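K.L.:
File follows, final-v9.cif with mmCIF, C-alpha atoms:
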```
data_structure
loop_
_atom_site.label_atom_id
_atom_site.label_comp_id
_atom_site.auth_asym_id
_atom_site.auth_seq_id
_atom_site.Cartn_x
_atom_site.Cartn_y
_atom_site.Cartn_z
CA MET A 1 13.09 -43.68 -53.38
CA ALA A 2 16.81 -43.77 -52.74
CA LYS A 3 16.74 -40.01 -52.14
CA LEU A 4 13.92 -40.40 -49.61
CA LEU A 5 15.79 -43.09 -47.69
CA LYS A 6 18.82 -40.80 -47.46
CA ILE A 7 16.75 -37.92 -46.08
CA LEU A 8 14.75 -39.90 -43.50
CA PRO A 9 17.60 -40.67 -41.05
CA GLY A 10 18.42 -36.97 -40.81
CA GLN A 11 14.79 -36.06 -40.17
CA CYS A 12 14.42 -38.76 -37.52
CA TYR A 13 17.54 -37.51 -35.77
CA ALA A 14 16.21 -33.92 -35.80
CA SER A 15 12.83 -35.07 -34.47
CA HIS A 16 14.54 -37.08 -31.73
CA LYS A 17 16.56 -34.01 -30.73
CA VAL A 18 13.41 -31.87 -30.48
CA ILE A 19 11.65 -34.49 -28.33
CA VAL A 20 14.63 -34.70 -25.96
CA LEU A 21 14.69 -30.90 -25.58
CA LEU A 22 10.95 -30.79 -24.89
CA LEU A 23 11.19 -33.51 -22.24
CA THR A 24 14.13 -31.70 -20.60
CA GLY A 25 12.14 -28.44 -20.49
CA ILE A 26 9.07 -30.14 -19.02
CA THR A 27 11.18 -31.87 -16.37
CA PHE A 28 12.90 -28.60 -15.37
CA THR A 29 9.58 -26.75 -15.18
CA PHE A 30 8.05 -29.49 -13.04
CA HIS A 31 10.93 -29.49 -10.55
CA TYR A 32 11.03 -25.69 -10.35
CA CYS A 33 7.30 -25.37 -9.74
CA TYR A 34 7.18 -28.25 -7.32
CA TRP A 35 10.04 -27.03 -5.14
CA ASN A 36 9.25 -23.31 -5.45
CA PRO A 37 7.93 -22.23 -2.00
CA LYS A 38 5.21 -20.13 -3.67
CA SER A 39 3.78 -23.19 -5.48
CA GLN A 40 1.96 -24.78 -2.55
CA HIS A 41 -1.26 -24.80 -4.54
CA LEU A 42 0.32 -26.88 -7.33
CA LYS A 43 2.08 -29.19 -4.87
CA SER A 44 -1.19 -29.82 -3.08
CA LEU A 45 -2.94 -30.75 -6.32
CA LEU A 46 -0.06 -32.96 -7.49
CA ALA A 47 -0.07 -34.75 -4.15
CA GLY A 48 -3.68 -35.70 -4.75
CA THR A 49 -5.14 -33.85 -1.79
CA GLY A 50 -7.89 -32.45 -4.02
CA THR A 51 -7.70 -29.05 -2.29
CA ALA A 52 -5.14 -26.31 -1.77
CA VAL A 53 -6.49 -25.17 1.62
CA ARG A 54 -6.31 -28.43 3.49
CA GLU A 55 -3.77 -26.91 5.91
CA SER A 56 -6.25 -24.28 7.12
CA HIS A 57 -8.62 -25.35 9.89
CA THR A 58 -9.43 -21.93 11.36
CA LYS A 59 -12.65 -21.85 13.38
CA TYR A 60 -14.90 -18.87 12.68
CA LEU A 61 -18.53 -17.86 12.82
CA GLN A 62 -20.62 -18.77 9.82
CA PRO A 63 -21.40 -15.71 7.66
CA ASP A 64 -25.07 -14.71 7.58
CA ALA A 65 -26.27 -13.62 4.15
CA LEU A 66 -29.17 -11.70 5.73
CA THR A 67 -27.15 -9.81 8.37
CA PRO A 68 -24.72 -7.08 7.24
CA SER A 69 -21.48 -6.73 9.17
CA ARG A 70 -22.09 -2.99 9.76
CA ARG A 71 -25.35 -1.05 9.36
CA ASP A 72 -23.98 2.41 10.14
CA VAL A 73 -21.37 2.76 7.39
CA LEU A 74 -20.78 1.97 3.72
CA VAL A 75 -19.07 -1.41 3.42
CA LEU A 76 -19.20 -1.84 -0.38
CA THR A 77 -18.73 0.72 -3.15
CA PRO A 78 -20.88 0.83 -6.31
CA TRP A 79 -17.97 -0.84 -8.17
CA LEU A 80 -17.98 -3.68 -5.58
CA ALA A 81 -14.83 -2.72 -3.69
CA PRO A 82 -15.03 -3.47 0.06
CA VAL A 83 -14.56 -0.65 2.57
CA VAL A 84 -12.58 -1.90 5.57
CA TRP A 85 -14.00 -1.00 9.00
CA GLU A 86 -13.74 -2.65 12.38
CA GLY A 87 -16.30 -5.44 12.45
CA THR A 88 -16.18 -6.23 8.73
CA PHE A 89 -13.43 -8.88 8.74
CA ASP A 90 -12.04 -11.85 10.67
CA ILE A 91 -8.30 -11.34 10.93
CA ASP A 92 -7.54 -14.93 11.98
CA LEU A 93 -9.31 -16.26 8.90
CA LEU A 94 -7.57 -13.71 6.67
CA ASN A 95 -4.14 -14.57 8.11
CA ALA A 96 -4.70 -18.29 7.58
CA GLN A 97 -5.62 -17.69 3.94
CA PHE A 98 -2.84 -15.15 3.35
CA LYS A 99 -0.11 -17.45 4.66
CA LEU A 100 -0.88 -19.82 1.77
CA GLN A 101 0.45 -17.11 -0.59
CA ASN A 102 3.86 -17.14 1.10
CA ALA A 103 4.00 -13.42 0.34
CA THR A 104 6.26 -10.56 1.42
CA ILE A 105 5.00 -7.02 2.02
CA GLY A 106 7.06 -3.91 1.34
CA LEU A 107 6.49 -0.66 3.27
CA THR A 108 7.99 2.52 1.80
CA VAL A 109 8.63 5.61 3.90
CA PHE A 110 10.53 8.85 3.28
CA ALA A 111 12.64 10.41 6.05
CA VAL A 112 14.25 13.48 4.51
CA LYS A 113 15.82 16.44 6.30
CA ASN A 114 14.15 17.04 9.66
CA TYR A 115 11.44 14.47 8.97
CA MET A 116 14.09 11.99 10.13
CA SER A 117 12.91 12.88 13.66
CA PHE A 118 9.71 10.87 13.01
CA LEU A 119 11.39 7.70 11.73
CA GLU A 120 12.17 5.83 14.94
CA LEU A 121 8.62 6.13 16.28
CA PHE A 122 7.30 5.08 12.87
CA LEU A 123 9.47 1.95 12.73
CA ARG A 124 8.96 0.95 16.36
CA SER A 125 5.19 1.27 16.14
CA ALA A 126 5.17 -0.56 12.78
CA GLU A 127 7.10 -3.44 14.30
CA LYS A 128 4.42 -3.71 16.95
CA TYR A 129 1.31 -3.41 14.77
CA PHE A 130 2.08 -3.62 11.02
CA MET A 131 1.66 -7.04 9.38
CA ALA A 132 2.50 -8.91 12.58
CA GLY A 133 3.63 -12.45 11.82
CA HIS A 134 4.37 -11.77 8.14
CA ARG A 135 7.53 -11.00 6.18
CA VAL A 136 8.12 -7.27 5.73
CA ASN A 137 10.74 -5.16 3.96
CA TYR A 138 10.90 -1.58 5.26
CA TYR A 139 12.20 0.59 2.43
CA VAL A 140 13.51 3.80 4.02
CA PHE A 141 14.21 6.57 1.52
CA THR A 142 16.47 9.16 3.13
CA ASP A 143 19.18 11.73 2.53
CA GLN A 144 20.78 10.76 5.86
CA PRO A 145 21.43 6.99 5.84
CA GLU A 146 23.73 7.23 8.85
CA LEU A 147 20.85 8.43 11.05
CA VAL A 148 18.48 5.54 10.34
CA PRO A 149 17.88 3.83 13.72
CA GLN A 150 19.15 0.28 14.11
CA LEU A 151 16.26 -1.70 15.54
CA PRO A 152 16.30 -5.40 16.49
CA LEU A 153 14.05 -7.19 14.01
CA PRO A 154 12.80 -10.79 13.95
CA GLY A 155 13.53 -13.11 11.06
CA GLY A 156 11.79 -12.23 7.83
CA ARG A 157 11.64 -8.51 8.60
CA ARG A 158 14.38 -6.09 7.57
CA VAL A 159 15.14 -2.40 6.99
CA ILE A 160 16.55 -1.49 3.59
CA VAL A 161 17.98 2.03 3.32
CA LEU A 162 17.72 3.76 -0.05
CA ARG A 163 19.43 7.10 -0.58
CA THR A 164 17.26 9.82 -2.07
CA GLN A 165 17.80 13.45 -2.86
CA SER A 166 16.59 16.31 -0.70
CA HIS A 167 14.94 19.56 -1.76
CA GLN A 168 14.62 23.00 -0.24
CA ARG A 169 10.81 23.08 -0.19
CA TRP A 170 8.75 20.41 1.60
CA GLN A 171 6.34 20.44 -1.34
CA ASP A 172 9.12 19.25 -3.65
CA ILE A 173 10.16 16.60 -1.12
CA SER A 174 6.58 15.40 -1.04
CA MET A 175 6.17 15.30 -4.82
CA GLN A 176 9.42 13.40 -5.42
CA ARG A 177 7.96 10.34 -3.71
CA MET A 178 5.97 9.25 -6.75
CA GLY A 179 9.02 9.17 -8.99
CA ALA A 180 11.19 7.45 -6.38
CA ILE A 181 8.61 4.73 -5.68
CA SER A 182 8.07 4.22 -9.41
CA ARG A 183 11.81 3.76 -10.01
CA GLY A 184 12.12 1.52 -6.96
CA ALA A 185 9.26 -0.68 -8.16
CA ARG A 186 10.81 -1.03 -11.59
CA GLN A 187 14.35 -1.68 -10.36
CA ARG A 188 13.85 -3.89 -7.28
CA PHE A 189 10.43 -4.03 -5.58
CA LEU A 190 8.94 -6.23 -8.31
CA LYS A 191 11.64 -8.81 -7.56
CA GLU A 192 11.59 -8.58 -3.77
CA VAL A 193 8.00 -8.17 -2.54
CA ASP A 194 4.46 -9.09 -3.56
CA TYR A 195 2.60 -6.09 -2.13
CA LEU A 196 3.75 -2.52 -1.60
CA VAL A 197 2.33 -0.14 1.01
CA CYS A 198 3.31 3.54 0.79
CA ALA A 199 3.17 5.64 3.97
CA ASP A 200 4.11 9.05 5.33
CA VAL A 201 6.74 9.02 8.06
CA ASP A 202 4.92 11.49 10.36
CA MET A 203 2.46 8.93 11.70
CA GLU A 204 2.21 6.28 14.37
CA PHE A 205 0.72 2.79 14.23
CA ARG A 206 -1.51 2.38 17.28
CA ASP A 207 -3.46 -0.80 16.58
CA HIS A 208 -3.47 -3.81 14.30
CA VAL A 209 -2.85 -3.06 10.60
CA GLY A 210 -2.63 -6.34 8.75
CA VAL A 211 -3.47 -8.26 5.62
CA GLU A 212 -7.06 -6.99 5.66
CA ILE A 213 -5.78 -3.87 3.86
CA LEU A 214 -4.14 -5.73 0.98
CA SER A 215 -5.66 -5.84 -2.49
CA SER A 216 -4.63 -5.09 -6.07
CA LEU A 217 -4.99 -1.36 -5.36
CA PHE A 218 -6.18 0.34 -2.17
CA GLY A 219 -6.69 3.91 -1.06
CA THR A 220 -7.58 5.45 2.31
CA ILE A 221 -10.55 7.75 2.86
CA HIS A 222 -9.39 11.11 4.24
CA PRO A 223 -10.90 11.64 7.73
CA ASP A 224 -11.69 15.31 7.03
CA PHE A 225 -13.80 14.43 3.98
CA MET A 226 -15.51 11.30 5.27
CA ALA A 227 -19.04 12.72 5.28
CA VAL A 228 -19.04 15.65 2.86
CA SER A 229 -20.27 16.21 -0.66
CA ARG A 230 -17.87 15.85 -3.60
CA TYR A 231 -18.29 19.60 -4.15
CA SER A 232 -16.38 20.10 -0.88
CA PHE A 233 -13.47 17.84 -1.82
CA SER A 234 -10.09 19.56 -1.87
CA ASN A 235 -9.33 18.50 -5.45
CA GLU A 236 -7.39 20.48 -8.04
CA ARG A 237 -9.93 22.70 -9.84
CA ARG A 238 -7.76 24.34 -12.52
CA PRO A 239 -8.42 22.66 -15.87
CA GLU A 240 -4.89 23.36 -17.07
CA SER A 241 -3.43 21.04 -14.39
CA GLN A 242 -3.02 17.31 -15.00
CA ALA A 243 -4.62 16.76 -11.57
CA TYR A 244 -7.83 18.58 -12.52
CA ILE A 245 -11.12 17.02 -11.36
CA PRO A 246 -14.42 18.79 -12.16
CA GLU A 247 -16.61 19.71 -9.20
CA ASP A 248 -19.35 17.29 -10.21
CA GLU A 249 -17.00 14.28 -10.22
CA GLY A 250 -15.45 12.29 -7.40
CA ASP A 251 -16.25 9.24 -5.30
CA PHE A 252 -14.19 9.79 -2.15
CA TYR A 253 -11.31 12.06 -1.21
CA TYR A 254 -8.25 9.87 -0.60
CA ILE A 255 -5.40 10.84 1.68
CA GLY A 256 -1.93 10.69 0.16
CA ALA A 257 -0.37 9.41 3.37
CA PHE A 258 -1.39 5.74 3.00
CA PHE A 259 -2.02 3.79 -0.20
CA GLY A 260 -0.77 0.64 -1.86
CA GLY A 261 -1.51 -2.66 -3.56
CA SER A 262 0.33 -5.17 -5.70
CA VAL A 263 3.74 -3.93 -6.83
CA ALA A 264 2.60 -3.84 -10.46
CA GLU A 265 -0.45 -1.68 -9.66
CA VAL A 266 1.52 0.65 -7.38
CA TYR A 267 4.07 1.04 -10.16
CA ARG A 268 1.33 2.05 -12.61
CA LEU A 269 -0.12 4.54 -10.12
CA THR A 270 3.16 6.17 -9.11
CA GLU A 271 4.50 6.31 -12.66
CA ALA A 272 1.28 7.96 -13.91
CA CYS A 273 1.34 10.49 -11.06
CA HIS A 274 5.03 11.20 -11.58
CA GLN A 275 4.52 11.86 -15.29
CA ALA A 276 1.57 14.14 -14.53
CA ILE A 277 3.62 16.06 -11.96
CA MET A 278 6.43 16.51 -14.51
CA ILE A 279 3.99 17.84 -17.13
CA ASP A 280 2.57 20.33 -14.63
CA LYS A 281 6.07 21.36 -13.63
CA ALA A 282 7.01 21.98 -17.27
CA ASN A 283 3.95 24.23 -17.50
CA HIS A 284 4.87 26.04 -14.26
CA LEU A 285 1.97 24.48 -12.38
CA GLU A 286 1.78 22.80 -8.98
CA ALA A 287 -1.40 20.98 -7.92
CA ILE A 288 -3.10 22.33 -4.81
CA TRP A 289 -2.08 19.36 -2.64
CA GLN A 290 0.90 18.20 -4.70
CA GLU A 291 1.04 14.40 -5.13
CA GLU A 292 -2.19 13.87 -3.16
CA SER A 293 -4.09 15.78 -5.86
CA HIS A 294 -2.59 13.55 -8.56
CA LEU A 295 -3.35 10.45 -6.49
CA ASN A 296 -7.02 11.46 -6.30
CA LYS A 297 -7.16 12.02 -10.04
CA TYR A 298 -5.69 8.57 -10.68
CA LEU A 299 -7.99 6.76 -8.24
CA LEU A 300 -11.04 8.49 -9.69
CA TYR A 301 -10.44 6.95 -13.10
CA HIS A 302 -8.68 3.76 -11.95
CA LYS A 303 -10.98 2.61 -9.16
CA PRO A 304 -9.27 1.03 -6.15
CA THR A 305 -10.23 -2.58 -5.44
CA LYS A 306 -10.36 -1.89 -1.69
CA LEU A 307 -10.88 1.24 0.43
CA LEU A 308 -9.64 1.77 3.97
CA SER A 309 -11.82 3.69 6.39
CA PRO A 310 -10.46 6.65 8.42
CA GLU A 311 -9.52 4.11 11.13
CA TYR A 312 -6.35 3.80 9.03
CA MET A 313 -5.52 7.51 9.14
CA CYS A 314 -7.03 9.25 12.15
CA ASP A 315 -6.05 12.88 12.67
CA HIS A 316 -6.27 15.27 15.60
CA ASP A 317 -9.71 16.63 14.64
CA LEU A 318 -11.26 13.19 14.32
CA LEU A 319 -9.74 12.13 17.63
CA GLN A 320 -11.24 15.16 19.40
CA ASP A 321 -14.64 14.43 17.86
CA MET A 322 -14.43 10.81 19.04
CA GLN A 323 -13.53 11.89 22.56
CA HIS A 324 -16.36 14.44 22.59
CA ARG A 325 -18.92 11.87 21.45
CA LYS A 326 -17.69 9.42 24.07
CA LYS A 327 -18.23 12.01 26.83
CA LEU A 328 -21.78 12.52 25.57
CA GLY A 329 -22.42 8.79 25.58
CA LEU A 330 -22.79 8.68 21.78
CA SER A 331 -21.54 5.86 19.60
CA ASN A 332 -18.61 6.42 17.24
CA ILE A 333 -18.53 5.43 13.60
CA VAL A 334 -14.76 5.08 13.90
CA ARG A 335 -14.34 2.42 16.58
CA ARG A 336 -10.56 1.99 16.53
CA ILE A 337 -7.59 4.21 15.80
CA ARG A 338 -5.17 2.08 13.85
CA ILE A 339 -2.90 4.81 12.47
CA PHE A 340 -2.59 8.29 13.92
CA ALA A 341 -1.31 11.27 11.93
CA LEU A 342 1.13 13.27 14.04
CA LEU A 343 1.00 17.03 14.08
CA LYS A 344 3.98 18.76 12.49
CA ASN A 345 5.14 21.96 14.09
CA LYS A 346 6.17 24.82 11.83
CA GLU A 347 9.88 24.34 12.37
CA VAL A 348 9.87 20.71 11.25
CA LYS A 349 7.65 21.48 8.26
CA SER A 350 9.88 24.30 7.07
CA ASN A 351 12.97 22.10 7.58
CA ASN A 352 14.74 24.82 9.54
CA ALA A 353 15.20 23.07 12.88
CA SER A 354 14.91 19.62 14.40
CA GLN A 355 12.23 19.08 16.99
CA LYS A 356 11.08 16.11 19.04
CA VAL A 357 7.89 14.47 17.89
CA GLN A 358 5.02 14.30 20.33
CA SER A 359 1.62 12.67 20.03
CA THR A 360 -1.18 15.21 20.12
CA ASP A 361 -3.49 13.39 22.48
CA GLY A 362 -1.25 13.56 25.54
CA ARG A 363 0.33 10.15 25.05
#
```
What does the file become when written as structure tokens?

P.N.:
Amino acid sequence: MAKLLKILPGQCYASHKVIVLLLTGITFTFHYCYWNPKSQHLKSLLAGTGTAVRESHTKYLQPDALTPSRRDVLVLTPWLAPVVWEGTFDIDLLNAQFKLQNATIGLTVFAVKNYMSFLELFLRSAEKYFMAGHRVNYYVFTDQPELVPQLPLPGGRRVIVLRTQSHQRWQDISMQRMGAISRGARQRFLKEVDYLVCADVDMEFRDHVGVEILSSLFGTIHPDFMAVSRYSFSNERRPESQAYIPEDEGDFYYIGAFFGGSVAEVYRLTEACHQAIMIDKANHLEAIWQEESHLNKYLLYHKPTKLLSPEYMCDHDLLQDMQHRKKLGLSNIVRRIRIFALLKNKEVKSNNASQKVQSTDGR
């Protein structure tokens, strides 16, 4: 009994110490979560409002369960991923909901060698149309940091220049993107942004491109393969390549110029593609369309949670077809051109001379 009485004070002291530490931890966690700007949902519940969307009073038309938003195009894939077309979303409603996330979007772009000539138009048009009203980090990968244009940007939007290596062949420049984005995601993007959008520099934003595109993982349907059989897709057909896709497989053909999602999902995609590219390189192989071929292989077996229609990557051929149909008085499936792919002349593509960039529709 005497032994027990000697032990008890020590045990009580130890228990008291544990309780104090637990209370300190709970108090710290509460204050962090409550004052963290991304914890509006928790703050709303703690305040007794009973709802986290009380702030949103956006007026919009009631959805009709018996009336589809579009009858002329696919708006939902067999794996229940929405396909984004004009007429399938209410941007005001989406913006109101998105602002509750207090999120930041990253946009990566590569301006290497003579592709630097496209960068100013890219940034200026993005400032006009890309994620208007939201926080954006432009991550510019370049071998010429001193030539990055200095544009006036509003609060919450900034250009971050990241030095990257150049290569002799444009194919190698193109393929290095996957590794660079993967490293960037691991080293800084995960800490700085919530979503990451990856774009080619030789394009121009021409209409609204906003939060309607965001999802865990999105890809963009290539305009040249919008209405063709999978047997006509330009996939890698050599079984020895890591990008190989059999002819009887394939959902859509995705363009490599515009994809994205959450930073974690983009990291998984780019890291997988980079590793596949490195394996092919070790075996003296290069996929038919470089990183785009590996992107298509990844998205075939890791289905995107959202697809963007060719409105988000219109090319010269699609534009001509739209203009021709308009002259004939026919309706167009693609109703808006949100992003336009600029034509590259041979000199820019071969990196032998710098040329001015011009739109191909006379603008």

K.L.:
For range 214-277 of chain A against range 297-310 of chain A, with a cut-off of 8 Å and counting all atoms listed in the file, what is the closest atom pair and its distance in Å to one decimal for every residue that makes the cut, ordered by chain and number, as CSV?

P.N.:
```
residue,atom,partner,partner_atom,distance
A:Leu214,CA,A:Lys306,CA,7.8
A:Ser215,CA,A:Lys306,CA,6.2
A:Ser216,CA,A:Thr305,CA,6.2
A:Leu217,CA,A:Pro304,CA,5.0
A:Phe218,CA,A:Lys306,CA,4.8
A:Gly219,CA,A:Leu307,CA,5.2
A:Thr220,CA,A:Leu308,CA,4.5
A:Ile221,CA,A:Ser309,CA,5.5
A:His222,CA,A:Pro310,CA,6.2
A:Pro223,CA,A:Pro310,CA,5.1
A:Met226,CA,A:Pro310,CA,7.6
A:Ala243,CA,A:Lys297,CA,5.6
A:Tyr244,CA,A:Lys297,CA,7.0
A:Ile245,CA,A:Lys297,CA,6.5
A:Gly250,CA,A:Leu300,CA,6.3
A:Asp251,CA,A:Leu300,CA,6.9
A:Leu269,CA,A:Tyr298,CA,6.9
A:Ala272,CA,A:Tyr298,CA,7.7
A:Cys273,CA,A:Tyr298,CA,7.3
```

K.L.:
Convert the output of the PyMOL selection byres ((chain A and resi 74) around 10) on the shown file into explicit residues, formatted as a VMD selection string.

P.N.:
chain A and resid 70 to 73 75 to 77 82 to 85 309

K.L.:
Of the candidates A:Leu295, A:Leu190, A:Leu147, A:Leu119, which shows the shortest atom-to-atom distance to Gly106 in chain A, using all atoms listed in the file?

P.N.:
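The answer is A:Leu190, which sits nearest to Gly106 in chain A.
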
K.L.:
Since I can't run it myself right now, could you work out what the PyMOL selection byres ((chain A and resi 129) around 8) selects here and report it as a ChimeraX atom specification?

P.N.:
/A:125-128,130-132,205-210

K.L.:
Kindly indicate which residue among A:Pro145, A:Val112, A:Gln290, A:Lys59 lies nearest to Met278 in chain A, using only C-alpha atoms for the distances.

P.N.:
A:Gln290

K.L.:
Would you pick out the contacts of Asp315 in chain A at 7 Å or less, using all atoms listed in the file, so that residues sharing its chain but fewer than 4 positions from it are not included, and give the list as a PyMOL selection string?

P.N.:
chain A and resi 319+340-341

K.L.:
Would you compute an axis-aligned box for range 137-153 of chain A, covering every atom listed for it in the file with 6 Å of margin on each side, and report centre and edge lengths in Å to one decimal as lines of an AutoDock Vina configuration file?

P.N.:
```
center_x = 17.2
center_y = 2.3
center_z = 9.0
size_x = 25.0
size_y = 30.9
size_z = 27.0
```

K.L.:
Quick one: apply the PyMOL selection byres ((chain A and resi 111) around 12) to the file and drop the selected residues here as a VMD selection string.

P.N.:
chain A and resid 108 to 110 112 to 123 139 to 149 161 to 166 170 173 to 174 177 199 to 203 348 351

K.L.:
Mind giving me the straight-line distance from CA of Asp280 in chain A to CA of Phe259 in chain A in Å, one decimal?

P.N.:
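One can read the CA of Asp280 in chain A to CA of Phe259 in chain A distance as 22.4 Å.
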
K.L.:
Given all atoms listed in the file as the basis, pick out the residue of A:Leu94, A:Leu100, A:Met178, A:Leu107 nearest to Ile277 in chain A.

P.N.:
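Looking at the shortest contact to Ile277 in chain A, the residue is A:Met178.
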
K.L.:
Can you work out the spacing between CA of Ile339 in chain A and CA of Glu311 in chain A in Å, to one decimal?

P.N.:
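Taking CA of Ile339 in chain A as the start and CA of Glu311 in chain A as the end point, the length is 6.8 Å.
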
K.L.:
Could you tell me which of A:Leu151, A:Val228, A:Ala257, A:Val263 comes closest to Ile105 in chain A if we count all atoms listed in the file?

P.N.:
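For Ile105 in chain A, the nearest of the given residues is A:Val263.
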
K.L.:
I need the residue nearest Arg268 in chain A from this list: A:Pro78, A:Gln150, A:Asn137, A:Ala185. Use only C-alpha atoms for the distance.

P.N.:
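Of all the options, A:Ala185 lies closest to Arg268 in chain A.
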
K.L.:
Counting all atoms listed in the file, which of A:Pro154, A:Ile333, A:Arg183, A:Leu343 gets nearest to Gly87 in chain A?

P.N.:
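With all atoms listed in the file as the atom set, the closest residue is A:Ile333.
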